[in-house]
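With compact mmCIF, C-alpha atoms (C1' of nucleotides) inside, this is entry.txt:
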```
# COMPACT_ATOMS: atom_id res chain seq x y z
CA MET K 429 -18.00 119.79 128.45
CA ARG K 430 -18.26 116.41 126.77
CA ALA K 431 -20.73 116.07 123.95
CA THR K 432 -23.60 113.73 124.67
CA ASP K 433 -23.78 110.48 122.78
CA HIS K 434 -26.72 111.87 120.90
CA GLU K 435 -24.79 114.93 119.75
CA LEU K 436 -21.81 112.79 118.93
CA ILE K 437 -23.86 110.52 116.71
CA ALA K 438 -25.72 113.35 115.06
CA ASP K 439 -22.37 114.91 114.30
CA PHE K 440 -21.11 111.61 112.95
CA ARG K 441 -24.11 111.22 110.67
CA ALA K 442 -23.55 114.69 109.32
CA ARG K 443 -19.87 114.08 108.69
CA CYS K 444 -20.70 110.83 106.89
CA SER K 445 -23.33 112.23 104.61
CA GLU K 446 -21.06 115.16 103.73
CA ARG K 447 -18.62 112.59 102.46
CA GLY K 448 -21.05 110.10 100.99
CA LEU K 449 -20.28 107.47 103.61
CA ALA K 450 -23.05 105.10 104.64
CA VAL K 451 -23.96 105.23 108.30
CA THR K 452 -23.88 101.64 109.43
CA HIS K 453 -24.27 100.30 112.92
CA GLN K 454 -20.70 98.99 112.98
CA ARG K 455 -19.28 102.24 111.71
CA THR K 456 -21.16 104.22 114.29
CA VAL K 457 -19.99 102.03 117.15
CA ILE K 458 -16.39 102.18 115.93
CA TYR K 459 -16.58 105.95 115.75
CA LYS K 460 -18.02 106.18 119.21
CA ALA K 461 -15.38 103.84 120.60
CA LEU K 462 -12.71 106.03 119.10
CA MET K 463 -14.17 109.24 120.44
CA ASP K 464 -14.63 107.71 123.86
CA SER K 465 -10.99 106.76 124.25
CA ARG K 466 -9.05 109.49 125.92
CA HIS K 467 -5.66 108.35 124.75
CA HIS K 468 -4.25 107.06 121.45
CA PRO K 469 -5.71 103.63 120.85
CA SER K 470 -4.38 101.01 118.50
CA PRO K 471 -6.73 99.27 116.05
CA GLU K 472 -6.69 96.20 118.31
CA GLU K 473 -7.79 98.30 121.24
CA VAL K 474 -10.62 99.77 119.24
CA TYR K 475 -11.60 96.28 118.17
CA ARG K 476 -11.70 95.11 121.78
CA ARG K 477 -13.90 98.02 122.80
CA VAL K 478 -16.26 97.65 119.87
CA ARG K 479 -16.64 93.95 120.41
CA ARG K 480 -18.24 94.64 123.76
CA GLN K 481 -21.20 96.03 121.85
CA ILE K 482 -20.99 94.00 118.65
CA PRO K 483 -19.35 90.68 119.56
CA SER K 484 -19.65 89.44 116.00
CA ILE K 485 -17.79 92.33 114.39
CA SER K 486 -14.81 91.40 112.29
CA LEU K 487 -11.36 92.82 112.92
CA GLY K 488 -11.13 93.59 109.23
CA THR K 489 -14.13 95.86 109.48
CA VAL K 490 -12.44 97.80 112.24
CA TYR K 491 -9.28 98.21 110.18
CA LYS K 492 -11.24 99.14 107.08
CA ASN K 493 -13.19 101.81 108.89
CA ILE K 494 -10.18 103.24 110.62
CA ARG K 495 -8.56 103.58 107.20
CA ILE K 496 -11.70 105.20 105.83
CA PHE K 497 -11.88 107.62 108.74
CA ILE K 498 -8.25 108.57 108.22
CA ASP K 499 -8.71 109.00 104.48
CA HIS K 500 -11.71 111.25 105.09
CA GLY K 501 -10.02 113.34 107.74
CA LEU K 502 -12.10 112.18 110.70
CA LEU K 503 -8.99 110.74 112.29
CA ARG K 504 -5.22 110.81 112.00
CA GLU K 505 -2.34 108.47 112.63
CA ALA K 506 -0.41 109.61 115.67
CA SER K 507 2.85 108.44 114.20
CA PRO K 508 3.96 110.02 110.95
CA HIS K 509 6.44 107.21 110.41
CA HIS K 510 4.74 103.99 111.18
CA GLY K 511 4.93 100.78 109.18
CA CYS K 512 8.38 99.45 109.81
CA ALA K 513 11.17 100.44 112.13
CA ARG K 514 13.31 103.34 111.02
CA LEU K 515 16.78 103.58 112.43
CA GLU K 516 18.52 106.60 113.81
CA ILE K 517 22.25 106.63 113.33
CA ASN K 518 22.86 110.19 114.40
CA LEU K 519 22.71 110.20 118.17
CA GLU K 520 23.44 113.92 118.49
CA PRO K 521 20.44 116.06 119.36
CA HIS K 522 18.61 116.93 116.18
CA HIS K 523 15.15 117.12 114.67
CA HIS K 524 13.22 115.63 111.78
CA LEU K 525 11.62 116.68 108.59
CA VAL K 526 9.06 114.02 107.70
CA CYS K 527 7.16 113.52 104.46
CA LEU K 528 3.61 112.39 105.20
CA ARG K 529 3.33 110.70 101.81
CA CYS K 530 6.50 108.66 101.34
CA ARG K 531 7.56 108.77 105.00
CA ALA K 532 11.04 109.95 104.16
CA ILE K 533 12.87 111.35 107.16
CA VAL K 534 15.52 114.01 106.85
CA ASP K 535 17.57 115.23 109.78
CA LEU K 536 17.35 118.83 110.79
CA ASP K 537 20.29 120.20 112.75
CA ASP K 538 19.60 120.99 116.35
CA GLU K 539 20.54 124.61 115.65
CA ALA K 540 18.06 124.81 112.80
CA VAL K 541 15.23 124.97 115.30
CA GLU K 542 14.78 127.37 118.23
CA PRO K 543 15.03 125.39 121.46
CA VAL K 544 11.72 123.87 122.49
CA ARG K 545 10.35 125.53 125.58
CA LEU K 546 7.55 124.04 127.64
CA LYS K 547 5.32 126.61 129.28
CA SER K 548 3.90 124.16 131.77
CA ARG K 549 5.65 121.40 133.61
CA PRO K 550 5.09 117.86 132.32
CA PRO K 551 2.98 115.63 134.59
CA ALA K 552 4.65 114.75 137.88
CA GLY K 553 6.87 111.72 137.59
CA PHE K 554 7.50 112.03 133.88
CA ARG K 555 11.24 112.16 133.37
CA VAL K 556 11.94 114.12 130.18
CA GLU K 557 14.83 112.74 128.17
CA ARG K 558 14.72 114.92 125.11
CA CYS K 559 12.44 116.95 122.88
CA LEU K 560 12.06 116.09 119.25
CA VAL K 561 10.55 118.43 116.71
CA GLU K 562 8.95 116.77 113.73
CA VAL K 563 8.28 119.12 110.87
CA LEU K 564 5.55 117.36 108.95
CA GLY K 565 4.66 118.01 105.36
CA VAL K 566 5.07 116.81 101.82
CA CYS K 567 8.49 116.52 100.24
CA GLU K 568 9.38 117.93 96.87
CA LYS K 569 9.32 114.60 95.07
CA CYS K 570 5.88 113.68 96.41
CA SER K 571 4.28 117.04 95.74
CA ARG K 572 5.50 116.87 92.14
CA ARG K 573 3.82 113.56 91.39
CA LYS K 574 0.06 114.24 91.56
CA MET T 1356 34.97 114.98 107.36
CA ARG T 1357 33.83 111.36 107.09
CA ALA T 1358 35.71 108.82 109.11
CA THR T 1359 37.62 106.29 107.05
CA ASP T 1360 36.46 102.70 107.06
CA HIS T 1361 39.45 101.86 109.15
CA GLU T 1362 38.60 104.40 111.84
CA LEU T 1363 34.98 103.35 111.75
CA ILE T 1364 35.82 99.73 112.36
CA ALA T 1365 38.39 100.49 115.05
CA ASP T 1366 35.74 102.56 116.77
CA PHE T 1367 33.23 99.75 116.39
CA ARG T 1368 35.62 97.23 117.92
CA ALA T 1369 36.19 99.51 120.86
CA ARG T 1370 32.48 100.05 121.42
CA CYS T 1371 31.89 96.31 121.26
CA SER T 1372 34.58 95.32 123.73
CA GLU T 1373 33.43 98.04 126.14
CA ARG T 1374 30.09 96.26 126.16
CA GLY T 1375 31.30 92.68 125.97
CA LEU T 1376 29.93 92.20 122.46
CA ALA T 1377 31.75 89.82 120.16
CA VAL T 1378 33.07 91.40 116.97
CA THR T 1379 31.83 89.14 114.22
CA HIS T 1380 32.12 89.65 110.52
CA GLN T 1381 28.35 89.93 110.11
CA ARG T 1382 28.05 92.38 112.94
CA THR T 1383 30.79 94.55 111.54
CA VAL T 1384 29.26 94.64 108.08
CA ILE T 1385 25.83 95.48 109.52
CA TYR T 1386 27.34 98.30 111.54
CA LYS T 1387 29.15 99.65 108.53
CA ALA T 1388 26.01 99.44 106.39
CA LEU T 1389 24.15 101.41 109.02
CA MET T 1390 26.79 104.08 109.33
CA ASP T 1391 27.08 104.38 105.56
CA SER T 1392 23.40 105.13 105.06
CA ARG T 1393 22.76 108.84 105.15
CA HIS T 1394 19.07 108.59 105.89
CA HIS T 1395 16.93 106.46 108.22
CA PRO T 1396 17.01 102.93 106.91
CA SER T 1397 14.56 100.18 107.75
CA PRO T 1398 15.84 96.75 108.77
CA GLU T 1399 14.96 95.45 105.31
CA GLU T 1400 17.06 98.16 103.73
CA VAL T 1401 20.01 97.30 105.95
CA TYR T 1402 19.53 93.65 105.03
CA ARG T 1403 19.61 94.48 101.33
CA ARG T 1404 22.83 96.47 101.72
CA VAL T 1405 24.53 93.88 103.88
CA ARG T 1406 23.63 91.08 101.52
CA ARG T 1407 25.74 92.70 98.84
CA GLN T 1408 28.76 91.79 100.94
CA ILE T 1409 27.48 88.66 102.69
CA PRO T 1410 24.88 87.11 100.38
CA SER T 1411 24.30 84.26 102.80
CA ILE T 1412 23.42 86.43 105.80
CA SER T 1413 20.09 85.75 107.40
CA LEU T 1414 17.45 88.43 107.88
CA GLY T 1415 17.11 87.28 111.46
CA THR T 1416 20.72 88.12 112.11
CA VAL T 1417 20.18 91.63 110.84
CA TYR T 1418 17.15 92.08 113.10
CA LYS T 1419 18.96 90.58 116.08
CA ASN T 1420 21.92 92.88 115.69
CA ILE T 1421 19.84 95.96 115.17
CA ARG T 1422 18.08 95.14 118.44
CA ILE T 1423 21.42 94.60 120.16
CA PHE T 1424 22.79 97.88 118.83
CA ILE T 1425 19.71 99.69 120.06
CA ASP T 1426 19.87 98.04 123.46
CA HIS T 1427 23.51 99.04 123.79
CA GLY T 1428 22.98 102.60 122.68
CA LEU T 1429 24.85 102.37 119.39
CA LEU T 1430 21.63 103.13 117.56
CA ARG T 1431 18.14 104.43 118.15
CA GLU T 1432 14.71 103.95 116.68
CA ALA T 1433 13.68 107.04 114.78
CA SER T 1434 10.07 106.50 115.70
CA PRO T 1435 9.27 106.58 119.40
CA HIS T 1436 5.90 104.98 118.78
CA HIS T 1437 6.34 102.25 116.31
CA GLY T 1438 4.87 98.75 116.47
CA CYS T 1439 1.27 99.24 115.63
CA ALA T 1440 -0.75 102.19 114.44
CA ARG T 1441 -1.78 104.69 117.07
CA LEU T 1442 -4.79 106.81 116.35
CA GLU T 1443 -5.17 110.51 116.85
CA ILE T 1444 -8.66 111.63 117.70
CA ASN T 1445 -7.81 115.20 118.58
CA LEU T 1446 -7.36 117.03 115.30
CA GLU T 1447 -6.64 120.38 116.91
CA PRO T 1448 -2.99 121.44 116.89
CA HIS T 1449 -1.27 119.89 119.88
CA HIS T 1450 1.87 118.05 120.92
CA HIS T 1451 2.83 114.75 122.47
CA LEU T 1452 4.40 113.41 125.59
CA VAL T 1453 5.72 109.96 124.76
CA CYS T 1454 6.98 107.27 127.10
CA LEU T 1455 9.93 105.47 125.54
CA ARG T 1456 9.25 102.36 127.61
CA CYS T 1457 5.53 101.65 127.33
CA ARG T 1458 4.95 103.91 124.32
CA ALA T 1459 2.07 105.69 126.00
CA ILE T 1460 1.18 108.95 124.29
CA VAL T 1461 -0.36 111.84 126.16
CA ASP T 1462 -1.53 115.00 124.46
CA LEU T 1463 0.06 118.28 125.33
CA ASP T 1464 -1.98 121.38 124.62
CA ASP T 1465 -0.71 123.55 121.85
CA GLU T 1466 -0.35 126.39 124.34
CA ALA T 1467 1.76 124.24 126.64
CA VAL T 1468 4.68 124.61 124.25
CA GLU T 1469 6.22 127.79 122.89
CA PRO T 1470 5.60 127.93 119.13
CA VAL T 1471 8.23 126.03 117.15
CA ARG T 1472 10.43 128.38 115.18
CA LEU T 1473 12.69 127.21 112.39
CA LYS T 1474 15.85 129.26 112.05
CA SER T 1475 16.54 128.04 108.55
CA ARG T 1476 14.14 127.41 105.72
CA PRO T 1477 13.24 123.76 105.02
CA PRO T 1478 14.62 122.36 101.76
CA ALA T 1479 13.09 123.92 98.65
CA GLY T 1480 9.90 122.19 97.61
CA PHE T 1481 9.07 120.80 101.03
CA ARG T 1482 5.58 122.01 101.91
CA VAL T 1483 5.32 122.23 105.70
CA GLU T 1484 1.93 121.19 107.03
CA ARG T 1485 2.51 121.36 110.76
CA CYS T 1486 5.12 121.04 113.46
CA LEU T 1487 4.81 118.42 116.12
CA VAL T 1488 6.80 118.46 119.34
CA GLU T 1489 7.40 115.08 120.91
CA VAL T 1490 8.59 115.29 124.48
CA LEU T 1491 10.30 111.96 124.98
CA GLY T 1492 11.01 110.37 128.31
CA VAL T 1493 9.85 107.82 130.81
CA CYS T 1494 6.42 108.02 132.36
CA GLU T 1495 5.76 107.79 136.08
CA LYS T 1496 4.44 104.24 135.96
CA CYS T 1497 7.43 102.95 134.00
CA SER T 1498 10.08 104.70 136.08
CA ARG T 1499 8.56 103.21 139.23
CA ARG T 1500 8.82 99.62 138.07
CA LYS T 1501 12.58 98.89 137.89
C1' DT Q 1320 -40.26 99.17 97.87
C1' DG Q 1321 -36.51 97.69 94.71
C1' DA Q 1322 -32.02 98.32 92.60
C1' DC Q 1323 -27.40 98.99 93.35
C1' DA Q 1324 -23.40 100.41 95.31
C1' DA Q 1325 -21.27 100.27 99.59
C1' DA Q 1326 -20.20 97.80 103.68
C1' DC Q 1327 -19.77 93.50 106.32
C1' DG Q 1328 -17.80 88.93 107.77
C1' DA Q 1329 -14.83 85.18 107.06
C1' DT Q 1330 -10.74 84.07 105.91
C1' DA Q 1331 -6.59 83.96 103.10
C1' DA Q 1332 -2.54 86.59 102.11
C1' DT Q 1333 1.21 89.68 103.09
C1' DA Q 1334 4.57 92.23 105.77
C1' DA Q 1335 7.30 93.03 109.73
C1' DT Q 1336 9.34 90.97 113.45
C1' DT Q 1337 10.57 87.56 116.88
C1' DC Q 1338 11.63 82.96 118.38
C1' DT Q 1339 13.56 78.25 118.38
C1' DC Q 1340 17.01 75.20 117.77
C1' DC Q 1341 20.97 73.46 116.04
C1' DT Q 1342 25.64 74.70 114.20
C1' DT Q 1343 29.57 77.76 114.00
C1' DT Q 1344 32.72 81.09 115.75
C1' DA Q 1345 35.06 84.63 118.73
C1' DA Q 1346 37.06 85.34 123.21
C1' DT Q 1347 39.84 83.65 126.87
C1' DG Q 1348 43.00 81.42 129.60
C1' DG Q 1349 46.38 77.98 129.94
C1' DC W 129 48.62 78.52 119.62
C1' DC W 130 44.82 75.16 121.05
C1' DA W 131 40.65 73.80 123.92
C1' DT W 132 36.59 75.38 126.21
C1' DT W 133 32.59 77.84 126.34
C1' DA W 134 29.40 81.34 125.85
C1' DA W 135 27.87 84.16 122.30
C1' DA W 136 26.44 84.58 117.63
C1' DG W 137 24.81 82.87 113.14
C1' DG W 138 21.49 80.41 109.87
C1' DA W 139 17.19 78.23 108.62
C1' DG W 140 12.91 78.36 109.10
C1' DA W 141 8.68 78.29 112.02
C1' DA W 142 5.76 81.31 114.66
C1' DT W 143 3.63 85.68 115.85
C1' DT W 144 1.72 90.09 115.13
C1' DA W 145 -0.09 93.78 112.42
C1' DT W 146 -2.35 94.78 108.40
C1' DT W 147 -4.46 94.31 103.86
C1' DA W 148 -6.96 91.91 100.23
C1' DT W 149 -10.55 88.84 98.36
C1' DC W 150 -15.06 87.38 97.78
C1' DG W 151 -19.59 86.08 98.63
C1' DT W 152 -23.50 87.99 101.47
C1' DT W 153 -26.00 91.71 103.65
C1' DT W 154 -27.56 96.37 104.24
C1' DG W 155 -28.01 101.53 103.63
C1' DT W 156 -29.33 104.96 100.29
C1' DC W 157 -32.04 107.01 96.99
C1' DA W 158 -35.08 107.13 93.33
```
If you took the structure in this file and wrote it as structure tokens, what would it be?
Amino acid sequence: MRATDHELIADFRARCSERGLAVTHQRTVIYKALMDSRHHPSPEEVYRRVRRQIPSISLGTVYKNIRIFIDHGLLREASPHHGCARLEINLEPHHHLVCLRCRAIVDLDDEAVEPVRLKSRPPAGFRVERCLVEVLGVCEKCSRRK
Amino acid sequence: MRATDHELIADFRARCSERGLAVTHQRTVIYKALMDSRHHPSPEEVYRRVRRQIPSISLGTVYKNIRIFIDHGLLREASPHHGCARLEINLEPHHHLVCLRCRAIVDLDDEAVEPVRLKSRPPAGFRVERCLVEVLGVCEKCSRRK
DNA sequence: TGACAAACGATAATAATTCTCCTTTAATGG
DNA sequence: CCATTAAAGGAGAATTATTATCGTTTGTCA
């Protein structure tokens, strides 16, 4: 099921040249490290992995390439509102409307969304506390400017 | 519909003494600033608001109290995975299982969740890109330890 | 192969957050 | 009320995450 390294790298080269990105050794190893991680790594984690193959790589290069990958759609940030803590005053069940540009968060009444229904049971041992729906998009203000 | 300042503060005092928290001037003003903000403020934003009433307040105090409010359930973090960037390799539509303790994120197949249905239309001008379900809880590993 | 833009590495800078330590204040019990 | 004491506040250093700068190196493409 998993692509071979060779396929992975061929694919990477193609995606780079489509976008006019140079295929450097560092970039390739970073990409592979990302694709090899099953979960949702942080930049630090990627850096640690990559350093096993290129001990001299700079953390800045990892950050720069992650940013480039995100900007070119090879990758995404798992959290639509990352950067600084955002506080939730409303403790009643409710959902969120999140702008991917300015990161504004607007509450959505619980009744505004059909109840979330899981078809399969979550992994054994995971105690579900609540389900949050995040409607992601671009707010009016942001879609007007540019 | 909105509680008066007086009610708000009486309520705050009650919640503090229930939990053995001292009711200080700073703490009260921070609480009020939080409750007065309609959206999802960052600590910096709270600091800016509070400083209008207590210009000498320290940013550390604001952070400390926000943490205390969160720990005592008076407040929540809007983002279940905040702290450092988390990267999303899987670009196919899917959802997340998030541990509130260790912040682990596990992907949930798109088919594992009934499609999200909004009962009401999002605010005019908001262009919806996708809907993400975050199933929040405590993972097996974390619920075992303590 | 050579020119040139793009990428890299080192490191400084910035932003967000926590920690330390000393001083002040709220709670409480006489 | 007043004294005691633990909790809280303030100043600022420290830490962590991230971005920017700048001189050097390396892909890309003619």
If we count all atoms listed in the file and set the cut-off at 10 Å, which residues sit around region 130-132 of chain W, ignoring sequence neighbours fewer than 4 positions away in its own chain? Please answer as number ranges by chain. Q: 1347-1349
Residues at most 12 Å from DC1327 (chain Q), counting all atoms listed in the file, excluding those fewer than 2 positions away in the same chain, as a tab-separated table (two decimals) with C-alpha atoms (C1' of nucleotides), keeping the file's coordinate frame?
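Output file selection-v8.tsv is given in full below:
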```tsv
chain	number	residue	atom	x	y	z
K	452	THR	CA	-23.88	101.64	109.43
K	453	HIS	CA	-24.27	100.30	112.92
K	454	GLN	CA	-20.70	98.99	112.98
K	455	ARG	CA	-19.28	102.24	111.71
K	484	SER	CA	-19.65	89.44	116.00
K	485	ILE	CA	-17.79	92.33	114.39
K	486	SER	CA	-14.81	91.40	112.29
K	487	LEU	CA	-11.36	92.82	112.92
K	488	GLY	CA	-11.13	93.59	109.23
K	489	THR	CA	-14.13	95.86	109.48
K	490	VAL	CA	-12.44	97.80	112.24
K	492	LYS	CA	-11.24	99.14	107.08
K	493	ASN	CA	-13.19	101.81	108.89
Q	1325	DA	C1'	-21.27	100.27	99.59
Q	1329	DA	C1'	-14.83	85.18	107.06
W	150	DC	C1'	-15.06	87.38	97.78
W	151	DG	C1'	-19.59	86.08	98.63
W	152	DT	C1'	-23.50	87.99	101.47
W	153	DT	C1'	-26.00	91.71	103.65
W	154	DT	C1'	-27.56	96.37	104.24
W	155	DG	C1'	-28.01	101.53	103.63
```
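For region 1337-1340 of chain Q, the list of residues within 12 Å, based on all atoms listed in the file and with local chain neighbours fewer than 2 positions off taken out, reads Leu1414, Gly1415, Thr1416, Tyr1418, Lys1419 and Arg1422 of chain T; DA1335 and DT1342 of chain Q; DG137, DG138, DA139, DG140, DA141, DA142, DT143 and DT144 of chain W.
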CA of Leu1446 (chain T) and CA of Ile437 (chain K), how far apart in Å?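 These atoms are spaced 17.8 Å apart.
With distances taken over all atoms listed in the file, T:Arg1441 is the one residue among T:Arg1431, T:Arg1441, T:Lys1474, T:His1394 lying closest to chain W.
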From the set Q:DA1326, Q:DA1345, Q:DA1332, Q:DG1321, which residue has the shortest atom-to-atom contact distance to chain T, counting only C-alpha atoms (C1' of nucleotides)?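 Comparing Q:DA1326, Q:DA1345, Q:DA1332, Q:DG1321 against chain T, the winner is Q:DA1345.
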